[in-house]
Amino acid sequence: MTKNNTENKRELPQVYVDDMLMSLKYFTDEHELHLSIIDPAVCQACENQPCIDFCPVGAYRSQDGRTVQIAVQSCVECGTCRVLCPYQNVSWKNPRGGFGVSYKFG
Amino acid sequence: MSKDKLQYDVIVVGAGMAGSTAAAIVARSGLKVAVIERGVKPGSKNYFGGALYTHALLDIYPDFFDRKPPLERPVTETGFWFLSEDGMVKATVQGGYVNSDPIDAYVALRAEFDPWWAEQAAAEGAFFIPKTLVTDFLYEDAKVIGVKTDRPEGDVYAPVVIICEGVNNLLTQKLGLIDHDLKISKTALAVKQLISLPAKDINARLGLLDNKHGLAISVIGDVSLGMPGLGFLYTTNNALSMGVGVTLDALEETQIKPYELLQRYLEHPAIAPIIKDGQLMEYGAHLIPEGGWTTLPKLYTDGAMVAGDAASMVNAIHWEGTNMAITAGKQAALTAIEAHKKNDFSAKTLAGYQKRLNETFVLKDLKQYRKMSAFLANHPEFMDIYPTFLNDALGMFFTGFGKPKGKLYKDIFRSLTRRRPLLKAVGDLVAFGRAITGI
C-alpha cells in the first residue's frame, strides 16, 4: 500500500535521436556553417561536455570521448548551446536566409 | 549600394504572430511596410504546443472565422493531468466557460497557420521578403533608420523598425535594449513530437465526440522528473502534439537528454496507450522565454520597438505567448502609425508603445506573474511531491482493501507529511498564492 514514487523513478529510455531527425526538413547551406566551436582546445578540456547531452537534436558528438564536433546540418536553431555552453565556446548565428530547418507542421 | 534605395515607412523583422500582426495594422493605415523573414516562408522556424487564442485573432480581423483560417481542433476541454510515476489524476474542465462562443482557443500548427496569417497582412498591403536574414541595423545620428540583410545590396530603410525576431533576440541585444543573452534559469527548452493517429482513435482514447472537440492539457509531475517544467498534450485533427519543457539550468544540472525525457513521458503507463501505434510526423525543439517581466527588455529606442518572444512576452503558467505577441504587435504598429503622423520617430514618441501596452493584459499579466519563475525554481515540490501525493490520496480514497476509514485518512495524511512537513506544505501554498497574485 505504501508507495514511494519519488525515490524509485522510472529510468530514462535510450533514444536514437537520429531516427527522429528523419521527420525534419532542412535546407542545408553547402557554403556557410552557422555554428562552430570557437576553440576546440576548450572543448577538449571541458570536463562534462554538457552539449552532448543538452542539444535536443544531438548535434554535438564526440567520437573519441574528448574531441567535440557539431553536425551543423541537424541543428534546429533553438539556441540552447549558445546559452548553455559553460565556456561560451560556441559561435552561434542564424543560418543565412532560406537555409536551415524548415518545419512542415510546427 | 543600389541606385534605388529600398525605402519603406515601417520595417518588421520576422513574420511570426507579432510581426505579421504589426504589418497588417501598419498596412491598413496606408503606410508602406516590409516584413523580412529568414525562413523559406512564415512559420518555417516556429514550433509551439500549442493553441491560439481567438480574442487576439478576432481583435485584428473581426471576420477572422469567415476567412477560413487553417485551424485544427477547438479546445473544448482543458486543464491539468497530474502524473505520479505510474498513475495519473486528471483535473480538466469542459462546458461552461470553456464552451464559449466563439471557443476561446484553437489548436494550430504554426507552419500552416503563420503563412496564412501573413497572407492576411499581405492582403492589407504588407510586402513580405522571405529567405532573408536581418543581420544588423542602419543608423544615422545613433538613430535606427533601417536594417542590413544578408542579401547582396540588402540594405532596407525605414524610419521605424519593429523587431519581432523571436526568442533568440540577438538583434534586440545588439541594439542594447537588453544587456544580456537569455538567462538559463528563465528560459525553457521545449521538445515535442507530433504524432499522427486516425481521428477516430484520438476521439475514442480521449473521450472526444468528433473533430469539433479537442484537448489542451498541461501535464505536471513525473513528466519533468522533479525539474521545473511541464509536459503538454494538444489534439490536432489527425495528430497529438506531445511535448515537455524544462528550464535550461535544470537541464544543465541533471545532464538529461531532452529527447529521452520526452520519450520517458511518452512511455508513461497512463500516456503510452493514448499514443499507441501513432507515427512520428515531426520532432522539433524551441526555446521559451519564461522570464516575462524579469527579463523584459527596454521596449523601444530611437527608431525601433520590440515585440513578442523577442521581448520575453510569455506567461509560462498559462501557456500564453501568441496572444501577447499579437496584442504587442498591434500596439507597436499603432505607435509606428502615430510616429508617422507626428513625423517623429524618436524614443519619446515610441514610448507610446509602452504606455499602450501598460493598458493591455500583456504588461499587466507579466507584472503580476513576475515572481513566478523564481517561485517554480525554488519550489520543485510542485513538480514532484504534490502530484504524487494527489495520486496517492485519491488512489487510497477510492479503494477499499477492507481498511478502516480512520486508518485510511491517517495513511493519506502520512503520504503527504512523510514527503513534506505540514508547515512546509502550508508555506508552499502561501508562496504559490503570492506568486500568482504578485503580492
# chains A, B, ... in the order shown; residues from 1 in each chain; ligands from 1
$ interface_residues --of "chain A" --to "chain B" --cutoff "9 Å" --atoms "only C-alpha atoms" --output "PyMOL selection string"
chain A and resi 1-6+8-17+20-24+27+48+50-58+76-80+82-84+93-106
$ select_by_dssp --residues "chain A" --states "alpha helix (DSSP H)" --output "number ranges by chain"
A: 17-21, 40-45, 51-54, 80-84
$ write_last_selection --atoms "N, CA and C atoms" --output "short mmCIF file (atom, residue, chain, number, x, y, z; two decimals), in the first residue's frame"
data_model
loop_
_atom_site.label_atom_id
_atom_site.label_comp_id
_atom_site.auth_asym_id
_atom_site.auth_seq_id
_atom_site.Cartn_x
_atom_site.Cartn_y
_atom_site.Cartn_z
N VAL A 17 18.32 9.64 -31.38
CA VAL A 17 17.70 10.90 -31.83
C VAL A 17 17.75 11.01 -33.35
N ASP A 18 18.74 10.40 -33.98
CA ASP A 18 18.82 10.48 -35.44
C ASP A 18 17.56 9.94 -36.11
N ASP A 19 16.94 8.92 -35.49
CA ASP A 19 15.71 8.38 -36.06
C ASP A 19 14.62 9.45 -36.11
N MET A 20 14.60 10.31 -35.10
CA MET A 20 13.57 11.35 -35.06
C MET A 20 13.87 12.46 -36.07
N LEU A 21 15.16 12.67 -36.32
CA LEU A 21 15.53 13.75 -37.24
C LEU A 21 15.08 13.45 -38.67
N PRO A 40 38.62 24.59 -30.19
CA PRO A 40 38.47 23.15 -29.92
C PRO A 40 39.20 22.71 -28.65
N ALA A 41 40.27 23.39 -28.30
CA ALA A 41 41.03 23.01 -27.10
C ALA A 41 40.18 23.20 -25.84
N VAL A 42 39.32 24.22 -25.85
CA VAL A 42 38.44 24.46 -24.70
C VAL A 42 37.49 23.27 -24.51
N CYS A 43 36.96 22.74 -25.62
CA CYS A 43 36.07 21.57 -25.55
C CYS A 43 36.83 20.35 -25.05
N GLN A 44 38.05 20.19 -25.53
CA GLN A 44 38.89 19.06 -25.11
C GLN A 44 39.06 19.06 -23.59
N ALA A 45 39.21 20.28 -23.06
CA ALA A 45 39.47 20.41 -21.62
C ALA A 45 38.18 20.46 -20.80
N CYS A 51 27.09 19.79 -23.74
CA CYS A 51 26.44 19.97 -25.05
C CYS A 51 26.01 18.64 -25.65
N ILE A 52 26.79 17.60 -25.35
CA ILE A 52 26.48 16.29 -25.92
C ILE A 52 25.14 15.78 -25.37
N ASP A 53 24.80 16.21 -24.15
CA ASP A 53 23.52 15.82 -23.57
C ASP A 53 22.39 16.81 -23.87
N PHE A 54 22.65 18.11 -23.73
CA PHE A 54 21.52 19.04 -23.78
C PHE A 54 21.04 19.36 -25.18
N THR A 80 19.96 26.71 -27.58
CA THR A 80 20.36 26.18 -26.28
C THR A 80 21.89 26.18 -26.10
N CYS A 81 22.63 25.75 -27.11
CA CYS A 81 24.08 25.64 -26.98
C CYS A 81 24.73 27.01 -26.75
N ARG A 82 24.14 28.02 -27.40
CA ARG A 82 24.72 29.35 -27.24
C ARG A 82 24.68 29.79 -25.78
N VAL A 83 23.59 29.50 -25.10
CA VAL A 83 23.45 29.97 -23.71
C VAL A 83 23.88 28.94 -22.67
N LEU A 84 23.96 27.67 -23.02
CA LEU A 84 24.32 26.67 -22.01
C LEU A 84 25.77 26.23 -22.05
#
$ select_by_dssp --residues "chain A" --states "strand (DSSP E or B)" --output "PyMOL selection string"
chain A and resi 26-27+35-37+60-62+68-70+90-92+100-101
$ write_last_selection --atoms "C-alpha atoms" --output "CSV table (one decimal), in the first residue's frame"
chain,number,residue,atom,x,y,z
A,26,TYR,CA,16.2,21.1,-43.8
A,27,PHE,CA,17.6,23.4,-46.5
A,35,LEU,CA,27.5,27.1,-36.0
A,36,SER,CA,31.1,26.5,-35.0
A,37,ILE,CA,33.3,25.7,-32.0
A,60,TYR,CA,27.1,17.7,-30.6
A,61,ARG,CA,29.1,14.5,-30.8
A,62,SER,CA,32.4,13.1,-29.6
A,68,VAL,CA,33.6,17.7,-29.8
A,69,GLN,CA,32.2,18.0,-33.3
A,70,ILE,CA,29.0,19.6,-34.5
A,90,VAL,CA,30.0,28.3,-29.5
A,91,SER,CA,29.8,30.8,-32.3
A,92,TRP,CA,26.1,30.9,-32.9
A,100,GLY,CA,18.4,25.7,-42.0
A,101,VAL,CA,15.4,23.8,-40.5
$ residues_around --residues "range 341-355 of chain B" --least-positions-apart "6" --cutoff "9 Å" --atoms "only C-alpha atoms" --output "PDB file with all heavy atoms, in the first residue's frame"
ATOM      1  N   LYS B 143      20.418  56.926 -34.432  1.00  0.00           N
ATOM      2  CA  LYS B 143      19.011  56.506 -34.527  1.00  0.00           C
ATOM      3  C   LYS B 143      18.899  55.404 -35.579  1.00  0.00           C
ATOM      4  O   LYS B 143      19.547  55.473 -36.619  1.00  0.00           O
ATOM      5  CB  LYS B 143      18.129  57.674 -34.952  1.00  0.00           C
ATOM      6  CG  LYS B 143      18.049  58.791 -33.942  1.00  0.00           C
ATOM      7  CD  LYS B 143      17.059  59.844 -34.452  1.00  0.00           C
ATOM      8  CE  LYS B 143      16.650  60.789 -33.342  1.00  0.00           C
ATOM      9  NZ  LYS B 143      17.387  62.047 -33.354  1.00  0.00           N
ATOM     10  N   PRO B 159      12.081  54.645 -41.245  1.00  0.00           N
ATOM     11  CA  PRO B 159      12.360  55.432 -40.037  1.00  0.00           C
ATOM     12  C   PRO B 159      11.988  54.693 -38.752  1.00  0.00           C
ATOM     13  O   PRO B 159      12.366  55.145 -37.670  1.00  0.00           O
ATOM     14  CB  PRO B 159      11.496  56.684 -40.224  1.00  0.00           C
ATOM     15  CG  PRO B 159      10.440  56.294 -41.204  1.00  0.00           C
ATOM     16  CD  PRO B 159      11.029  55.251 -42.085  1.00  0.00           C
ATOM     17  N   VAL B 160      11.239  53.594 -38.892  1.00  0.00           N
ATOM     18  CA  VAL B 160      10.926  52.825 -37.680  1.00  0.00           C
ATOM     19  C   VAL B 160      10.921  51.332 -38.006  1.00  0.00           C
ATOM     20  O   VAL B 160      10.403  50.900 -39.029  1.00  0.00           O
ATOM     21  CB  VAL B 160       9.599  53.314 -37.026  1.00  0.00           C
ATOM     22  CG1 VAL B 160       8.435  53.229 -37.991  1.00  0.00           C
ATOM     23  CG2 VAL B 160       9.299  52.537 -35.750  1.00  0.00           C
ATOM     24  N   LEU B 299      11.586  48.374 -24.282  1.00  0.00           N
ATOM     25  CA  LEU B 299      10.721  48.006 -25.410  1.00  0.00           C
ATOM     26  C   LEU B 299      10.881  48.914 -26.627  1.00  0.00           C
ATOM     27  O   LEU B 299      10.334  48.642 -27.679  1.00  0.00           O
ATOM     28  CB  LEU B 299       9.255  47.990 -24.956  1.00  0.00           C
ATOM     29  CG  LEU B 299       8.924  46.917 -23.913  1.00  0.00           C
ATOM     30  CD1 LEU B 299       7.485  47.062 -23.417  1.00  0.00           C
ATOM     31  CD2 LEU B 299       9.158  45.514 -24.465  1.00  0.00           C
ATOM     32  N   TYR B 300      11.637  50.017 -26.480  1.00  0.00           N
ATOM     33  CA  TYR B 300      11.744  50.959 -27.594  1.00  0.00           C
ATOM     34  C   TYR B 300      13.025  51.769 -27.467  1.00  0.00           C
ATOM     35  O   TYR B 300      13.580  51.911 -26.382  1.00  0.00           O
ATOM     36  CB  TYR B 300      10.545  51.922 -27.599  1.00  0.00           C
ATOM     37  CG  TYR B 300      10.433  52.680 -26.292  1.00  0.00           C
ATOM     38  CD1 TYR B 300      11.055  53.916 -26.117  1.00  0.00           C
ATOM     39  CD2 TYR B 300       9.757  52.124 -25.220  1.00  0.00           C
ATOM     40  CE1 TYR B 300      10.991  54.576 -24.905  1.00  0.00           C
ATOM     41  CE2 TYR B 300       9.691  52.779 -23.997  1.00  0.00           C
ATOM     42  CZ  TYR B 300      10.306  54.003 -23.857  1.00  0.00           C
ATOM     43  OH  TYR B 300      10.255  54.639 -22.643  1.00  0.00           O
ATOM     44  N   THR B 301      13.454  52.262 -28.582  1.00  0.00           N
ATOM     45  CA  THR B 301      14.570  53.213 -28.595  1.00  0.00           C
ATOM     46  C   THR B 301      14.342  54.100 -29.816  1.00  0.00           C
ATOM     47  O   THR B 301      13.304  53.987 -30.479  1.00  0.00           O
ATOM     48  CB  THR B 301      15.921  52.478 -28.641  1.00  0.00           C
ATOM     49  OG1 THR B 301      16.976  53.442 -28.593  1.00  0.00           O
ATOM     50  CG2 THR B 301      16.076  51.665 -29.917  1.00  0.00           C
ATOM     51  N   ASP B 302      15.273  54.948 -30.145  1.00  0.00           N
ATOM     52  CA  ASP B 302      15.084  55.822 -31.314  1.00  0.00           C
ATOM     53  C   ASP B 302      14.972  54.978 -32.582  1.00  0.00           C
ATOM     54  O   ASP B 302      15.924  54.324 -32.977  1.00  0.00           O
ATOM     55  CB  ASP B 302      16.258  56.787 -31.443  1.00  0.00           C
ATOM     56  CG  ASP B 302      16.292  57.824 -30.331  1.00  0.00           C
ATOM     57  OD1 ASP B 302      15.208  58.356 -30.000  1.00  0.00           O
ATOM     58  OD2 ASP B 302      17.381  58.091 -29.790  1.00  0.00           O
ATOM     59  N   GLY B 303      13.807  54.953 -33.164  1.00  0.00           N
ATOM     60  CA  GLY B 303      13.624  54.266 -34.439  1.00  0.00           C
ATOM     61  C   GLY B 303      13.324  52.787 -34.365  1.00  0.00           C
ATOM     62  O   GLY B 303      13.254  52.124 -35.403  1.00  0.00           O
ATOM     63  N   ALA B 304      13.131  52.236 -33.176  1.00  0.00           N
ATOM     64  CA  ALA B 304      12.859  50.795 -33.097  1.00  0.00           C
ATOM     65  C   ALA B 304      12.017  50.433 -31.877  1.00  0.00           C
ATOM     66  O   ALA B 304      12.073  51.100 -30.838  1.00  0.00           O
ATOM     67  CB  ALA B 304      14.165  50.008 -33.071  1.00  0.00           C
ATOM     68  N   MET B 305      11.236  49.347 -32.056  1.00  0.00           N
ATOM     69  CA  MET B 305      10.458  48.760 -30.952  1.00  0.00           C
ATOM     70  C   MET B 305      10.616  47.251 -31.030  1.00  0.00           C
ATOM     71  O   MET B 305      10.989  46.719 -32.067  1.00  0.00           O
ATOM     72  CB  MET B 305       8.975  49.121 -31.096  1.00  0.00           C
ATOM     73  CG  MET B 305       8.670  50.591 -30.913  1.00  0.00           C
ATOM     74  SD  MET B 305       6.939  50.979 -31.299  1.00  0.00           S
ATOM     75  CE  MET B 305       7.009  51.186 -33.063  1.00  0.00           C
ATOM     76  N   ALA B 328       0.849  42.813 -28.663  1.00  0.00           N
ATOM     77  CA  ALA B 328       2.005  43.714 -28.660  1.00  0.00           C
ATOM     78  C   ALA B 328       2.336  44.180 -30.078  1.00  0.00           C
ATOM     79  O   ALA B 328       2.667  45.357 -30.292  1.00  0.00           O
ATOM     80  CB  ALA B 328       3.216  43.020 -28.040  1.00  0.00           C
ATOM     81  N   GLN B 331       0.010  46.981 -30.862  1.00  0.00           N
ATOM     82  CA  GLN B 331       0.318  48.239 -30.162  1.00  0.00           C
ATOM     83  C   GLN B 331       1.578  48.906 -30.730  1.00  0.00           C
ATOM     84  O   GLN B 331       1.656  50.131 -30.820  1.00  0.00           O
ATOM     85  CB  GLN B 331       0.478  47.994 -28.652  1.00  0.00           C
ATOM     86  CG  GLN B 331      -0.737  47.369 -27.976  1.00  0.00           C
ATOM     87  CD  GLN B 331      -2.037  48.104 -28.237  1.00  0.00           C
ATOM     88  OE1 GLN B 331      -2.049  49.339 -28.310  1.00  0.00           O
ATOM     89  NE2 GLN B 331      -3.123  47.372 -28.409  1.00  0.00           N
ATOM     90  N   ALA B 332       2.542  48.073 -31.125  1.00  0.00           N
ATOM     91  CA  ALA B 332       3.750  48.632 -31.756  1.00  0.00           C
ATOM     92  C   ALA B 332       3.381  49.285 -33.082  1.00  0.00           C
ATOM     93  O   ALA B 332       3.871  50.375 -33.421  1.00  0.00           O
ATOM     94  CB  ALA B 332       4.794  47.535 -31.964  1.00  0.00           C
ATOM     95  N   ALA B 333       2.484  48.634 -33.840  1.00  0.00           N
ATOM     96  CA  ALA B 333       2.052  49.180 -35.125  1.00  0.00           C
ATOM     97  C   ALA B 333       1.331  50.510 -34.938  1.00  0.00           C
ATOM     98  O   ALA B 333       1.586  51.484 -35.663  1.00  0.00           O
ATOM     99  CB  ALA B 333       1.149  48.171 -35.833  1.00  0.00           C
ATOM    100  N   LEU B 334       0.435  50.563 -33.952  1.00  0.00           N
ATOM    101  CA  LEU B 334      -0.310  51.814 -33.713  1.00  0.00           C
ATOM    102  C   LEU B 334       0.656  52.936 -33.345  1.00  0.00           C
ATOM    103  O   LEU B 334       0.469  54.100 -33.740  1.00  0.00           O
ATOM    104  CB  LEU B 334      -1.337  51.606 -32.588  1.00  0.00           C
ATOM    105  CG  LEU B 334      -2.495  50.658 -32.926  1.00  0.00           C
ATOM    106  CD1 LEU B 334      -3.374  50.424 -31.699  1.00  0.00           C
ATOM    107  CD2 LEU B 334      -3.337  51.216 -34.088  1.00  0.00           C
ATOM    108  N   THR B 335       1.705  52.575 -32.610  1.00  0.00           N
ATOM    109  CA  THR B 335       2.698  53.572 -32.230  1.00  0.00           C
ATOM    110  C   THR B 335       3.500  54.035 -33.451  1.00  0.00           C
ATOM    111  O   THR B 335       3.804  55.233 -33.581  1.00  0.00           O
ATOM    112  CB  THR B 335       3.640  52.995 -31.145  1.00  0.00           C
ATOM    113  OG1 THR B 335       2.834  52.416 -30.107  1.00  0.00           O
ATOM    114  CG2 THR B 335       4.535  54.074 -30.569  1.00  0.00           C
ATOM    115  N   LEU B 363       1.307  43.570 -20.348  1.00  0.00           N
ATOM    116  CA  LEU B 363       2.208  44.010 -19.283  1.00  0.00           C
ATOM    117  C   LEU B 363       1.584  43.859 -17.901  1.00  0.00           C
ATOM    118  O   LEU B 363       2.281  43.638 -16.918  1.00  0.00           O
ATOM    119  CB  LEU B 363       2.674  45.448 -19.530  1.00  0.00           C
ATOM    120  CG  LEU B 363       3.657  45.597 -20.699  1.00  0.00           C
ATOM    121  CD1 LEU B 363       4.222  47.006 -20.758  1.00  0.00           C
ATOM    122  CD2 LEU B 363       4.795  44.577 -20.650  1.00  0.00           C
TER     123      LEU B 363
END
